[in-house]
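Pasting data_31.pdb here (PDB, C-alpha atoms):
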ATOM      1  CA  MET A   1     -45.510  19.650  40.836
ATOM      2  CA  LYS A   2     -44.505  20.744  44.351
ATOM      3  CA  SER A   3     -47.437  23.183  44.326
ATOM      4  CA  LEU A   4     -49.754  20.298  43.477
ATOM      5  CA  VAL A   5     -48.386  18.226  46.338
ATOM      6  CA  GLN A   6     -48.929  21.094  48.779
ATOM      7  CA  SER A   7     -52.486  21.509  47.479
ATOM      8  CA  LEU A   8     -53.044  17.777  47.744
ATOM      9  CA  CYS A   9     -51.952  17.888  51.355
ATOM     10  CA  VAL A  10     -54.190  20.869  52.105
ATOM     11  CA  GLY A  11     -57.068  19.025  50.531
ATOM     12  CA  ALA A  12     -56.188  16.062  52.658
ATOM     13  CA  MET A  13     -57.583  17.848  55.664
ATOM     14  CA  ALA A  14     -61.033  16.956  54.406
ATOM     15  CA  ALA A  15     -60.493  14.429  51.705
ATOM     16  CA  GLY A  16     -58.388  12.097  53.744
ATOM     17  CA  PHE A  17     -55.539  13.032  51.540
ATOM     18  CA  LEU A  18     -56.794  13.729  48.233
ATOM     19  CA  GLY A  19     -59.741  11.502  48.067
ATOM     20  CA  PHE A  20     -57.802   9.206  45.814
ATOM     21  CA  ALA A  21     -55.402   8.444  48.610
ATOM     22  CA  GLY A  22     -58.440   7.511  50.612
ATOM     23  CA  ALA A  23     -59.351   5.154  47.833
ATOM     24  CA  ALA A  24     -55.816   3.873  47.760
ATOM     25  CA  ILE A  25     -55.798   2.931  51.420
ATOM     26  CA  ALA A  26     -59.346   1.746  51.453
ATOM     27  CA  GLN A  27     -58.522  -1.819  50.553
ATOM     28  CA  PRO A  28     -55.495  -3.909  51.384
ATOM     29  CA  PRO A  29     -53.734  -5.373  48.364
ATOM     30  CA  GLN A  30     -55.985  -8.050  46.921
ATOM     31  CA  PRO A  31     -55.002 -11.111  44.925
ATOM     32  CA  VAL A  32     -55.519 -10.599  41.218
ATOM     33  CA  SER A  33     -59.050 -11.520  40.327
ATOM     34  CA  HIS A  34     -61.016 -11.506  37.131
ATOM     35  CA  LYS A  35     -63.906  -9.760  38.885
ATOM     36  CA  GLN A  36     -63.861  -6.005  39.363
ATOM     37  CA  ALA A  37     -63.732  -5.290  43.098
ATOM     38  CA  GLN A  38     -66.398  -2.977  44.436
ATOM     39  CA  PRO A  39     -64.972   0.252  45.809
ATOM     40  CA  PRO A  40     -65.479   0.706  49.529
ATOM     41  CA  ASP A  41     -68.383   2.799  50.656
ATOM     42  CA  PRO A  42     -67.778   6.469  51.578
ATOM     43  CA  GLN A  43     -68.172   5.735  55.296
ATOM     44  CA  THR A  44     -65.334   3.196  55.149
ATOM     45  CA  LEU A  45     -63.151   5.576  53.155
ATOM     46  CA  PHE A  46     -63.831   8.387  55.601
ATOM     47  CA  ALA A  47     -62.961   6.213  58.599
ATOM     48  CA  GLN A  48     -59.750   5.039  56.967
ATOM     49  CA  ALA A  49     -58.808   8.544  55.874
ATOM     50  CA  GLN A  50     -58.816   9.635  59.502
ATOM     51  CA  ARG A  51     -55.902   7.245  60.128
ATOM     52  CA  LEU A  52     -53.607   8.870  57.549
ATOM     53  CA  PRO A  53     -50.355  10.420  58.820
ATOM     54  CA  ILE A  54     -51.718  13.889  58.120
ATOM     55  CA  PHE A  55     -54.171  13.429  61.007
ATOM     56  CA  THR A  56     -51.657  12.113  63.576
ATOM     57  CA  GLY A  57     -52.261  13.918  66.862
ATOM     58  CA  VAL A  58     -55.391  15.660  65.560
ATOM     59  CA  ASP A  59     -58.359  14.764  67.729
ATOM     60  CA  MET A  60     -61.609  15.835  66.118
ATOM     61  CA  THR A  61     -64.944  16.092  67.808
ATOM     62  CA  GLU A  62     -67.923  14.088  66.642
ATOM     63  CA  GLN A  63     -69.508  17.344  65.465
ATOM     64  CA  GLN A  64     -66.458  18.144  63.312
ATOM     65  CA  LEU A  65     -66.531  14.664  61.792
ATOM     66  CA  VAL A  66     -70.226  15.000  60.939
ATOM     67  CA  VAL A  67     -69.492  18.253  59.084
ATOM     68  CA  LEU A  68     -66.353  16.913  57.376
ATOM     69  CA  ARG A  69     -67.928  13.701  56.052
ATOM     70  CA  PRO A  70     -69.955  15.284  53.206
ATOM     71  CA  ILE A  71     -66.985  17.471  52.250
ATOM     72  CA  PHE A  72     -64.824  14.361  52.058
ATOM     73  CA  GLU A  73     -67.410  12.539  49.952
ATOM     74  CA  GLN A  74     -67.762  15.449  47.524
ATOM     75  CA  THR A  75     -64.000  15.838  47.182
ATOM     76  CA  HIS A  76     -63.505  12.117  46.656
ATOM     77  CA  ALA A  77     -66.125  12.088  43.879
ATOM     78  CA  ARG A  78     -64.622  15.138  42.179
ATOM     79  CA  ILE A  79     -61.125  13.661  42.238
ATOM     80  CA  ASN A  80     -62.350  10.359  40.846
ATOM     81  CA  ARG A  81     -63.846  12.255  37.900
ATOM     82  CA  VAL A  82     -60.420  13.762  37.133
ATOM     83  CA  LEU A  83     -58.273  10.617  37.414
ATOM     84  CA  SER A  84     -58.521   7.630  35.131
ATOM     85  CA  PRO A  85     -58.917   4.178  36.684
ATOM     86  CA  GLU A  86     -55.363   3.444  35.522
ATOM     87  CA  GLN A  87     -54.009   6.484  37.353
ATOM     88  CA  GLN A  88     -55.872   5.517  40.498
ATOM     89  CA  GLN A  89     -54.414   2.000  40.241
ATOM     90  CA  LYS A  90     -50.861   3.314  39.679
ATOM     91  CA  PHE A  91     -51.157   5.497  42.760
ATOM     92  CA  HIS A  92     -52.575   2.675  44.869
ATOM     93  CA  GLN A  93     -49.938   0.199  43.728
ATOM     94  CA  ALA A  94     -47.037   2.572  44.306
ATOM     95  CA  LEU A  95     -48.128   3.993  47.654
ATOM     96  CA  ILE A  96     -49.884   1.075  49.289
ATOM     97  CA  GLU A  97     -48.604  -2.116  47.697
ATOM     98  CA  GLU A  98     -45.007  -1.008  47.111
ATOM     99  CA  GLY A  99     -44.689   1.477  49.969
ATOM    100  CA  ARG A 100     -43.189   4.209  47.803
ATOM    101  CA  PRO A 101     -43.081   7.795  49.080
ATOM    102  CA  PHE A 102     -46.120   9.941  48.461
ATOM    103  CA  GLN A 103     -44.446  12.326  45.989
ATOM    104  CA  GLU A 104     -43.089   9.436  43.937
ATOM    105  CA  SER A 105     -46.529   7.812  43.919
ATOM    106  CA  VAL A 106     -48.094  11.035  42.642
ATOM    107  CA  ASP A 107     -45.405  11.357  39.965
ATOM    108  CA  LEU A 108     -46.111   7.838  38.711
ATOM    109  CA  MET A 109     -49.655   8.809  37.781
ATOM    110  CA  ASP A 110     -48.284  10.929  34.923
ATOM    111  CA  LEU A 111     -50.837  13.648  35.488
ATOM    112  CA  THR A 112     -51.457  16.002  32.604
ATOM    113  CA  SER A 113     -51.130  19.713  33.250
ATOM    114  CA  GLN A 114     -54.912  19.916  32.948
ATOM    115  CA  GLN A 115     -55.361  17.206  35.610
ATOM    116  CA  GLU A 116     -52.869  18.948  37.894
ATOM    117  CA  ALA A 117     -54.797  22.201  37.550
ATOM    118  CA  GLN A 118     -58.120  20.455  38.168
ATOM    119  CA  LEU A 119     -56.827  18.642  41.258
ATOM    120  CA  ASP A 120     -55.217  21.812  42.526
ATOM    121  CA  ASN A 121     -58.540  23.667  42.238
ATOM    122  CA  ILE A 122     -60.541  20.855  43.823
ATOM    123  CA  LEU A 123     -58.214  20.602  46.773
ATOM    124  CA  LYS A 124     -57.878  24.330  47.301
ATOM    125  CA  MET A 125     -61.679  24.513  47.473
ATOM    126  CA  THR A 126     -61.644  21.640  49.944
ATOM    127  CA  GLY A 127     -59.050  23.386  52.080
ATOM    128  CA  LEU A 128     -61.188  26.516  52.152
ATOM    129  CA  GLN A 129     -64.211  24.473  53.243
ATOM    130  CA  VAL A 130     -62.291  22.608  55.937
ATOM    131  CA  ALA A 131     -60.217  25.376  57.511
ATOM    132  CA  PRO A 132     -63.090  27.028  59.409
ATOM    133  CA  ILE A 133     -64.180  23.657  60.802
ATOM    134  CA  LEU A 134     -60.820  23.005  62.463
ATOM    135  CA  THR A 135     -59.413  24.755  65.495
ATOM    136  CA  PRO A 136     -56.164  26.730  65.169
ATOM    137  CA  GLU A 137     -54.411  23.949  67.116
ATOM    138  CA  GLN A 138     -55.718  21.289  64.736
ATOM    139  CA  ARG A 139     -54.635  23.303  61.685
ATOM    140  CA  GLU A 140     -51.208  23.774  63.234
ATOM    141  CA  GLN A 141     -50.821  20.024  63.923
ATOM    142  CA  ILE A 142     -51.911  19.193  60.380
ATOM    143  CA  GLN A 143     -49.295  21.613  59.022
ATOM    144  CA  VAL A 144     -46.639  19.931  61.173
ATOM    145  CA  ASN A 145     -47.776  16.568  59.800
ATOM    146  CA  ILE A 146     -47.633  17.860  56.225
ATOM    147  CA  ASP A 147     -44.125  19.173  56.801
ATOM    148  CA  THR A 148     -43.078  15.892  58.388
ATOM    149  CA  HIS A 149     -44.727  13.342  56.126
ATOM    150  CA  TYR A 150     -45.357  14.996  52.772
ATOM    151  CA  SER A 151     -42.686  17.615  52.117
ATOM    152  CA  ASN A 152     -39.516  16.866  50.212
TER
END
Could you render the structure from this file as structure tokens?
Amino acid sequence: MKSLVQSLCVGAMAAGFLGFAGAAIAQPPQPVSHKQAQPPDPQTLFAQAQRLPIFTGVDMTEQQLVVLRPIFEQTHARINRVLSPEQQQKFHQALIEEGRPFQESVDLMDLTSQQEAQLDNILKMTGLQVAPILTPEQREQIQVNIDTHYSN
């Protein structure tokens, strides 16, 4: 599981932390409603993802953001195809509504080994796409942020 968390954090460089974290922070907790809420648009998710702790102290140029946006959108869509709506809700509730630590929130999703492998592959691919877009200083700051905010 620790390998998955590291991959999730690497993928976060583009996906705003694992796409599904982007979805999790995209909306503040809402009162229970009988209507299904519409998910936020990719532009909103991308903007909110940039405020995650992984990006603290990482100033990106407008050109970098333009290149990262489609990578984020693709990663978010791929992750959503792997996770069930229930898993997405569990993650959102634990991390956002209850303020639980990231690792605990991931654990609560009860990912299957197949899902872990799929997410690991998705996020490794994302990391490979994102790394050349970032400067060495940005990659270093992101690693510091991962070590600070996401490592056990």
Adding 5 Å on each side of the box along x, y and z that holds all listed atoms of segment 55-65 of chain A, could you give its centre and edge lengths in Å to one decimal, as AutoDock Vina command-line options?
--center_x -60.6 --center_y 15.1 --center_z 64.4 --size_x 27.9 --size_y 16.0 --size_z 16.8
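Applied to this file, the PyMOL selection byres ((chain A and resi 148) around 12) selects A:Cys9, A:Pro53, A:Ile54, A:Phe55, A:Thr56, A:Phe102, A:Gln141, A:Ile142, A:Gln143, A:Val144, A:Asn145, A:Ile146, A:Asp147, A:His149, A:Tyr150, A:Ser151, A:Asn152.
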Would you mind exporting the chosen residues as a PDB file, in the coordinates of the input, restricted to C-alpha atoms?
ATOM      1  CA  CYS A   9     -51.952  17.888  51.355  1.00  0.00           C
ATOM      2  CA  PRO A  53     -50.355  10.420  58.820  1.00  0.00           C
ATOM      3  CA  ILE A  54     -51.718  13.889  58.120  1.00  0.00           C
ATOM      4  CA  PHE A  55     -54.171  13.429  61.007  1.00  0.00           C
ATOM      5  CA  THR A  56     -51.657  12.113  63.576  1.00  0.00           C
ATOM      6  CA  PHE A 102     -46.120   9.941  48.461  1.00  0.00           C
ATOM      7  CA  GLN A 141     -50.821  20.024  63.923  1.00  0.00           C
ATOM      8  CA  ILE A 142     -51.911  19.193  60.380  1.00  0.00           C
ATOM      9  CA  GLN A 143     -49.295  21.613  59.022  1.00  0.00           C
ATOM     10  CA  VAL A 144     -46.639  19.931  61.173  1.00  0.00           C
ATOM     11  CA  ASN A 145     -47.776  16.568  59.800  1.00  0.00           C
ATOM     12  CA  ILE A 146     -47.633  17.860  56.225  1.00  0.00           C
ATOM     13  CA  ASP A 147     -44.125  19.173  56.801  1.00  0.00           C
ATOM     14  CA  HIS A 149     -44.727  13.342  56.126  1.00  0.00           C
ATOM     15  CA  TYR A 150     -45.357  14.996  52.772  1.00  0.00           C
ATOM     16  CA  SER A 151     -42.686  17.615  52.117  1.00  0.00           C
ATOM     17  CA  ASN A 152     -39.516  16.866  50.212  1.00  0.00           C
TER      18      ASN A 152
END
- [ ] With a distance cut-off of 8 Å and all atoms listed in the file, select the neighbouring residues of Met109 of chain A, excluding the residue or stretch itself and same-chain residues fewer than 3 positions from it, and output the selection as a ChimeraX atom specification.
- [x] /A:87-88,90-91,105-106
TODO: For the file shown, report as a list in words the outcome of the PyMOL selection byres ((chain A and resi 138) around 9) at residue level.
DONE: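 Output from the PyMOL selection byres ((chain A and resi 138) around 9), applied to this file: Phe55, Gly57, Val58, Asp59, Met60, Leu134, Thr135, Pro136, Glu137, Arg139, Glu140, Gln141, Ile142 and Gln143 of chain A.
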Quick one: residues within 12 Å of Thr112 of chain A, only C-alpha atoms, excluding same-chain residues fewer than 2 positions away - as an mmCIF file with C-alpha atoms, in the coordinates of the input?
data_model
loop_
_atom_site.group_PDB
_atom_site.id
_atom_site.type_symbol
_atom_site.label_atom_id
_atom_site.label_comp_id
_atom_site.auth_asym_id
_atom_site.auth_seq_id
_atom_site.Cartn_x
_atom_site.Cartn_y
_atom_site.Cartn_z
ATOM 1 C CA MET A 1 -45.510 19.650 40.836
ATOM 2 C CA LEU A 4 -49.754 20.298 43.477
ATOM 3 C CA VAL A 82 -60.420 13.762 37.133
ATOM 4 C CA LEU A 83 -58.273 10.617 37.414
ATOM 5 C CA SER A 84 -58.521 7.630 35.131
ATOM 6 C CA GLN A 87 -54.009 6.484 37.353
ATOM 7 C CA VAL A 106 -48.094 11.035 42.642
ATOM 8 C CA ASP A 107 -45.405 11.357 39.965
ATOM 9 C CA LEU A 108 -46.111 7.838 38.711
ATOM 10 C CA MET A 109 -49.655 8.809 37.781
ATOM 11 C CA ASP A 110 -48.284 10.929 34.923
ATOM 12 C CA GLN A 114 -54.912 19.916 32.948
ATOM 13 C CA GLN A 115 -55.361 17.206 35.610
ATOM 14 C CA GLU A 116 -52.869 18.948 37.894
ATOM 15 C CA ALA A 117 -54.797 22.201 37.550
ATOM 16 C CA GLN A 118 -58.120 20.455 38.168
ATOM 17 C CA LEU A 119 -56.827 18.642 41.258
#
Task: Given all atoms listed in the file as the counted atoms, nearest of A:Ala47, A:Leu111, A:Ile122, A:Ile71 to Glu86 of chain A - done: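 Of the candidates, the smallest distance to Glu86 of chain A is held by A:Leu111.
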Open item on the list: So the first atom is atom CA of Ala94 of chain A and the second is atom CA of Gly127 of chain A; what is the distance between them in Å, to one decimal place?
Closed with: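 Spanning atom CA of Ala94 of chain A to atom CA of Gly127 of chain A is a straight-line distance of 25.3 Å.
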Task: Nearest to Leu68 of chain A by atom-to-atom distance, counting only C-alpha atoms, from A:Leu123, A:Leu95, A:Leu128, A:Ile133 - done: A:Ile133
Open item on the list: Just to confirm, what's the straight-line distance from atom CA of Glu73 of chain A to atom CA of Ser113 of chain A in Å (one decimal)?
Closed with: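 So the two atoms, atom CA of Glu73 of chain A and atom CA of Ser113 of chain A, lie 24.4 Å apart.
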- [ ] Mind giving me the straight-line distance from atom CA of Arg69 of chain A to atom CA of Arg81 of chain A in Å, one decimal?
- [x] 18.7 Å
Could you pull segment 93-136 of chain A out of the block above and give me N, CA and C atoms, as a compact mmCIF listing (two decimals), in the first residue's frame?
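Okay, this is what ended up in selection_11.txt:
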# COMPACT_ATOMS: atom_id res chain seq x y z
N GLN A 93 -15.41 11.76 1.90
CA GLN A 93 -15.93 11.91 3.26
C GLN A 93 -14.80 11.86 4.28
N ALA A 94 -13.91 10.89 4.14
CA ALA A 94 -12.82 10.75 5.10
C ALA A 94 -11.85 11.93 5.06
N LEU A 95 -11.40 12.28 3.87
CA LEU A 95 -10.37 13.30 3.74
C LEU A 95 -10.92 14.71 3.94
N ILE A 96 -12.01 15.01 3.29
CA ILE A 96 -12.51 16.38 3.28
C ILE A 96 -13.47 16.65 4.44
N GLU A 97 -14.49 15.82 4.57
CA GLU A 97 -15.51 16.09 5.57
C GLU A 97 -15.04 15.78 6.98
N GLU A 98 -14.24 14.69 7.13
CA GLU A 98 -13.80 14.30 8.46
C GLU A 98 -12.37 14.73 8.77
N GLY A 99 -11.65 15.17 7.76
CA GLY A 99 -10.28 15.65 7.98
C GLY A 99 -9.29 14.56 8.34
N ARG A 100 -9.55 13.34 7.94
CA ARG A 100 -8.63 12.24 8.25
C ARG A 100 -7.36 12.38 7.41
N PRO A 101 -6.28 11.75 7.87
CA PRO A 101 -5.03 11.79 7.08
C PRO A 101 -5.22 11.11 5.72
N PHE A 102 -4.39 11.50 4.79
CA PHE A 102 -4.48 10.99 3.44
C PHE A 102 -4.41 9.47 3.39
N GLN A 103 -3.40 8.89 4.02
CA GLN A 103 -3.21 7.43 3.97
C GLN A 103 -4.44 6.71 4.52
N GLU A 104 -4.98 7.20 5.61
CA GLU A 104 -6.17 6.58 6.20
C GLU A 104 -7.35 6.71 5.24
N SER A 105 -7.47 7.83 4.57
CA SER A 105 -8.55 8.03 3.61
C SER A 105 -8.43 7.06 2.43
N VAL A 106 -7.22 6.84 1.97
CA VAL A 106 -6.99 5.87 0.90
C VAL A 106 -7.36 4.47 1.38
N ASP A 107 -6.92 4.12 2.58
CA ASP A 107 -7.21 2.80 3.13
C ASP A 107 -8.70 2.53 3.23
N LEU A 108 -9.47 3.55 3.54
CA LEU A 108 -10.92 3.38 3.71
C LEU A 108 -11.64 3.04 2.41
N MET A 109 -11.01 3.26 1.30
CA MET A 109 -11.64 2.93 0.02
C MET A 109 -11.67 1.44 -0.23
N ASP A 110 -10.90 0.67 0.54
CA ASP A 110 -10.86 -0.79 0.35
C ASP A 110 -10.59 -1.15 -1.10
N LEU A 111 -9.49 -0.62 -1.61
CA LEU A 111 -9.12 -0.90 -2.99
C LEU A 111 -8.77 -2.38 -3.16
N THR A 112 -9.18 -2.94 -4.27
CA THR A 112 -8.77 -4.30 -4.59
C THR A 112 -7.33 -4.25 -5.09
N SER A 113 -6.68 -5.39 -5.12
CA SER A 113 -5.31 -5.41 -5.63
C SER A 113 -5.29 -4.99 -7.11
N GLN A 114 -6.34 -5.33 -7.83
CA GLN A 114 -6.43 -4.92 -9.23
C GLN A 114 -6.54 -3.40 -9.34
N GLN A 115 -7.37 -2.78 -8.49
CA GLN A 115 -7.51 -1.32 -8.50
C GLN A 115 -6.18 -0.66 -8.12
N GLU A 116 -5.51 -1.20 -7.11
CA GLU A 116 -4.22 -0.63 -6.72
C GLU A 116 -3.25 -0.66 -7.88
N ALA A 117 -3.20 -1.79 -8.58
CA ALA A 117 -2.29 -1.91 -9.73
C ALA A 117 -2.68 -0.93 -10.84
N GLN A 118 -3.98 -0.81 -11.09
CA GLN A 118 -4.43 0.12 -12.13
C GLN A 118 -4.09 1.56 -11.77
N LEU A 119 -4.35 1.95 -10.53
CA LEU A 119 -4.04 3.32 -10.10
C LEU A 119 -2.54 3.57 -10.13
N ASP A 120 -1.79 2.58 -9.70
CA ASP A 120 -0.34 2.70 -9.71
C ASP A 120 0.15 2.96 -11.14
N ASN A 121 -0.35 2.20 -12.10
CA ASN A 121 0.05 2.39 -13.50
C ASN A 121 -0.38 3.74 -14.04
N ILE A 122 -1.60 4.13 -13.76
CA ILE A 122 -2.10 5.43 -14.23
C ILE A 122 -1.22 6.56 -13.71
N LEU A 123 -0.92 6.49 -12.43
CA LEU A 123 -0.18 7.60 -11.82
C LEU A 123 1.30 7.58 -12.16
N LYS A 124 1.85 6.42 -12.39
CA LYS A 124 3.24 6.38 -12.87
C LYS A 124 3.32 7.01 -14.25
N MET A 125 2.35 6.69 -15.11
CA MET A 125 2.32 7.29 -16.45
C MET A 125 2.19 8.81 -16.34
N THR A 126 1.34 9.25 -15.42
CA THR A 126 1.16 10.69 -15.22
C THR A 126 2.47 11.33 -14.77
N GLY A 127 3.13 10.70 -13.82
CA GLY A 127 4.41 11.22 -13.35
C GLY A 127 5.43 11.35 -14.48
N LEU A 128 5.45 10.36 -15.35
CA LEU A 128 6.38 10.41 -16.49
C LEU A 128 6.02 11.53 -17.46
N GLN A 129 4.73 11.82 -17.61
CA GLN A 129 4.31 12.92 -18.48
C GLN A 129 4.64 14.28 -17.86
N VAL A 130 4.52 14.36 -16.55
CA VAL A 130 4.66 15.65 -15.87
C VAL A 130 6.11 16.03 -15.62
N ALA A 131 6.94 15.07 -15.29
CA ALA A 131 8.32 15.37 -14.89
C ALA A 131 9.06 16.29 -15.85
N PRO A 132 8.98 16.06 -17.17
CA PRO A 132 9.73 16.95 -18.07
C PRO A 132 9.15 18.36 -18.15
N ILE A 133 7.94 18.55 -17.70
CA ILE A 133 7.30 19.87 -17.75
C ILE A 133 7.79 20.75 -16.61
N LEU A 134 8.16 20.13 -15.50
CA LEU A 134 8.58 20.86 -14.31
C LEU A 134 10.08 21.09 -14.30
N THR A 135 10.48 22.16 -13.66
CA THR A 135 11.91 22.44 -13.49
C THR A 135 12.46 21.54 -12.38
N PRO A 136 13.78 21.36 -12.34
CA PRO A 136 14.35 20.58 -11.23
C PRO A 136 13.97 21.14 -9.86
